[in-house]
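Participant: Got upload_0.pdb for you, PDB, C-alpha atoms, pLDDT in the B column:
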MODEL        1
ATOM      1  CA  MET W 137     120.004   1.939  22.791  1.00 58.00           C
ATOM      2  CA  ILE W 138     122.325   0.493  25.429  1.00 61.00           C
ATOM      3  CA  GLN W 139     122.583  -3.283  25.520  1.00 70.00           C
ATOM      4  CA  TRP W 140     122.980  -4.303  29.147  1.00 74.00           C
ATOM      5  CA  PRO W 141     124.618  -7.598  30.223  1.00 80.00           C
ATOM      6  CA  PRO W 142     122.440 -10.727  29.943  1.00 80.00           C
ATOM      7  CA  HIS W 143     119.877 -11.265  32.717  1.00 82.00           C
ATOM      8  CA  THR W 144     119.877  -7.578  33.697  1.00 84.00           C
ATOM      9  CA  LYS W 145     116.616  -6.224  35.076  1.00 86.00           C
ATOM     10  CA  ILE W 146     115.975  -2.477  35.015  1.00 87.00           C
ATOM     11  CA  TYR W 147     113.044  -0.816  36.743  1.00 91.00           C
ATOM     12  CA  CYS W 148     112.177   2.889  36.855  1.00 90.00           C
ATOM     13  CA  TYR W 149     109.953   4.381  39.547  1.00 93.00           C
ATOM     14  CA  ASN W 150     108.443   7.815  40.057  1.00 88.00           C
ATOM     15  CA  ARG W 151     108.455   9.806  43.313  1.00 88.00           C
ATOM     16  CA  ASN W 152     105.418   7.842  44.530  1.00 91.00           C
ATOM     17  CA  ASP W 153     107.324   4.554  44.109  1.00 93.00           C
ATOM     18  CA  GLU W 154     105.094   3.574  41.160  1.00 91.00           C
ATOM     19  CA  GLU W 155     106.745   1.648  38.343  1.00 91.00           C
ATOM     20  CA  ILE W 156     106.851   3.759  35.181  1.00 87.00           C
ATOM     21  CA  ALA W 157     109.174   1.640  33.014  1.00 86.00           C
ATOM     22  CA  ARG W 158     110.658  -1.853  32.968  1.00 86.00           C
ATOM     23  CA  SER W 159     113.335  -3.452  30.829  1.00 83.00           C
ATOM     24  CA  LYS W 160     112.620  -6.136  28.283  1.00 72.00           C
ATOM     25  CA  ARG W 161     115.343  -8.640  27.394  1.00 69.00           C
ATOM     26  CA  SER W 162     118.116  -6.500  28.929  1.00 67.00           C
ATOM     27  CA  ARG W 163     117.086  -3.467  26.888  1.00 72.00           C
ATOM     28  CA  LEU W 164     115.624  -0.143  27.921  1.00 75.00           C
ATOM     29  CA  ASP W 165     115.462   3.025  25.874  1.00 79.00           C
ATOM     30  CA  LEU W 166     115.112   5.652  28.599  1.00 78.00           C
ATOM     31  CA  ALA W 167     114.075   8.446  26.235  1.00 79.00           C
ATOM     32  CA  ASP W 168     111.194   6.436  24.792  1.00 80.00           C
ATOM     33  CA  GLU W 169     110.082   4.616  27.925  1.00 77.00           C
ATOM     34  CA  LEU W 170     110.199   7.563  30.314  1.00 78.00           C
ATOM     35  CA  MET W 171     109.241  10.526  28.153  1.00 79.00           C
ATOM     36  CA  LEU W 172     107.116   9.247  25.262  1.00 76.00           C
ATOM     37  CA  ASN W 173     103.763   9.564  27.073  1.00 73.00           C
ATOM     38  CA  TYR W 174     104.781  12.150  29.687  1.00 79.00           C
ATOM     39  CA  SER W 175     102.799  15.376  29.459  1.00 84.00           C
ATOM     40  CA  GLY W 176     103.717  17.081  32.742  1.00 81.00           C
ATOM     41  CA  ASP W 177     104.991  20.648  32.980  1.00 85.00           C
ATOM     42  CA  MET W 178     107.814  19.841  35.393  1.00 84.00           C
ATOM     43  CA  PRO W 179     110.934  17.819  34.587  1.00 84.00           C
ATOM     44  CA  ARG W 180     110.388  14.127  35.159  1.00 83.00           C
ATOM     45  CA  VAL W 181     112.139  12.627  38.174  1.00 88.00           C
ATOM     46  CA  CYS W 182     112.721   8.897  38.316  1.00 91.00           C
ATOM     47  CA  PHE W 183     114.654   6.387  40.373  1.00 94.00           C
ATOM     48  CA  ILE W 184     116.370   3.558  38.511  1.00 90.00           C
ATOM     49  CA  GLU W 185     116.963   0.117  39.993  1.00 91.00           C
ATOM     50  CA  VAL W 186     119.375  -2.213  38.168  1.00 88.00           C
ATOM     51  CA  SER W 187     120.126  -5.824  39.036  1.00 88.00           C
ATOM     52  CA  THR W 188     122.238  -8.301  37.106  1.00 83.00           C
ATOM     53  CA  LYS W 189     123.731 -11.748  37.411  1.00 79.00           C
ATOM     54  CA  ALA W 190     126.597 -10.917  35.059  1.00 67.00           C
TER      55      ALA W 190
ENDMDL
END
Would you encode the structure as C-alpha coordinates?
Facilitator:
Amino acid sequence: MIQWPPHTKIYCYNRNDEEIARSKRSRLDLADELMLNYSGDMPRVCFIEVSTKA
(Lines of atoms letter the chains of each structure in order from A and count residues from 1; the text may use other names and numbers.)
(Lines give C-alpha, C1' and ligand atoms only; values in the text may rest on other atoms or scores of the structure.)
Protein backbone atom coordinates (compact mmCIF):
# COMPACT_ATOMS: atom_id res chain seq x y z
CA MET A 1 0.00 0.00 0.00
CA ILE A 2 1.26 3.48 -0.87
CA GLN A 3 1.85 5.81 2.05
CA TRP A 4 0.92 9.30 0.92
CA PRO A 5 2.34 12.47 2.54
CA PRO A 6 0.77 13.51 5.86
CA HIS A 7 -2.60 15.30 5.66
CA THR A 8 -3.34 13.91 2.19
CA LYS A 9 -7.00 13.35 1.37
CA ILE A 10 -7.95 10.95 -1.43
CA TYR A 11 -11.47 10.56 -2.76
CA CYS A 12 -12.68 8.27 -5.55
CA TYR A 13 -15.91 8.90 -7.45
CA ASN A 14 -17.84 6.91 -10.02
CA ARG A 15 -19.28 8.26 -13.29
CA ASN A 16 -22.33 9.56 -11.40
CA ASP A 17 -20.09 11.64 -9.11
CA GLU A 18 -20.90 9.36 -6.15
CA GLU A 19 -18.11 8.73 -3.66
CA ILE A 20 -17.01 5.09 -3.80
CA ALA A 21 -13.84 5.26 -1.68
CA ARG A 22 -12.10 7.64 0.71
CA SER A 23 -8.66 7.61 2.28
CA LYS A 24 -8.07 7.02 5.95
CA ARG A 25 -4.98 8.50 7.61
CA SER A 26 -3.24 9.15 4.27
CA ARG A 27 -3.71 5.55 3.16
CA LEU A 28 -5.78 4.03 0.40
CA ASP A 29 -5.46 0.57 -1.07
CA LEU A 30 -7.10 1.05 -4.47
CA ALA A 31 -7.42 -2.66 -5.21
CA ASP A 32 -9.31 -3.35 -1.99
CA GLU A 33 -11.35 -0.16 -1.78
CA LEU A 34 -12.46 -0.01 -5.40
CA MET A 35 -12.81 -3.64 -6.41
CA LEU A 36 -13.52 -5.68 -3.27
CA ASN A 37 -17.32 -5.33 -3.44
CA TYR A 38 -17.65 -4.56 -7.16
CA SER A 39 -19.71 -7.12 -9.05
CA GLY A 40 -20.30 -5.35 -12.37
CA ASP A 41 -19.58 -6.91 -15.75
CA MET A 42 -17.84 -3.85 -17.18
CA PRO A 43 -14.46 -2.48 -16.07
CA ARG A 44 -14.81 -0.04 -13.22
CA VAL A 45 -14.21 3.61 -14.07
CA CYS A 46 -13.35 6.04 -11.30
CA PHE A 47 -12.11 9.59 -10.90
CA ILE A 48 -9.54 10.24 -8.19
CA GLU A 49 -9.21 13.54 -6.34
CA VAL A 50 -6.06 14.11 -4.26
CA SER A 51 -5.34 17.08 -2.02
CA THR A 52 -2.41 17.57 0.33
CA LYS A 53 -0.81 20.20 2.51
CA ALA A 54 2.64 18.64 2.16
Participant: I need the residue set behind the PyMOL selection byres ((chain W and resi 149) around 9) for this file; please write it as a ChimeraX atom specification.
Facilitator: /W:147-148,150-157,181-185
Participant: Find the spatial neighbours of range 143-146 of chain W, counting only C-alpha atoms, within a cut-off of 10 Å - ignore same-chain residues fewer than 5 positions away - and output them as a ChimeraX atom specification.
Facilitator: /W:157-164,184-190
Participant: By how many Å are CA of Asp165 in chain W and CA of Met178 in chain W apart?
Facilitator: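 Taking CA of Asp165 in chain W as the start and CA of Met178 in chain W as the end point, the length is 20.8 Å.
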Participant: Around all listed atoms of range 173-176 of chain W, padded 4 Å per side, what centre and edge lengths does the axis-aligned box have in Å to one decimal, as lines of an AutoDock Vina configuration file?
Facilitator:
center_x = 103.8
center_y = 13.3
center_z = 29.9
size_x = 10.0
size_y = 15.5
size_z = 13.7
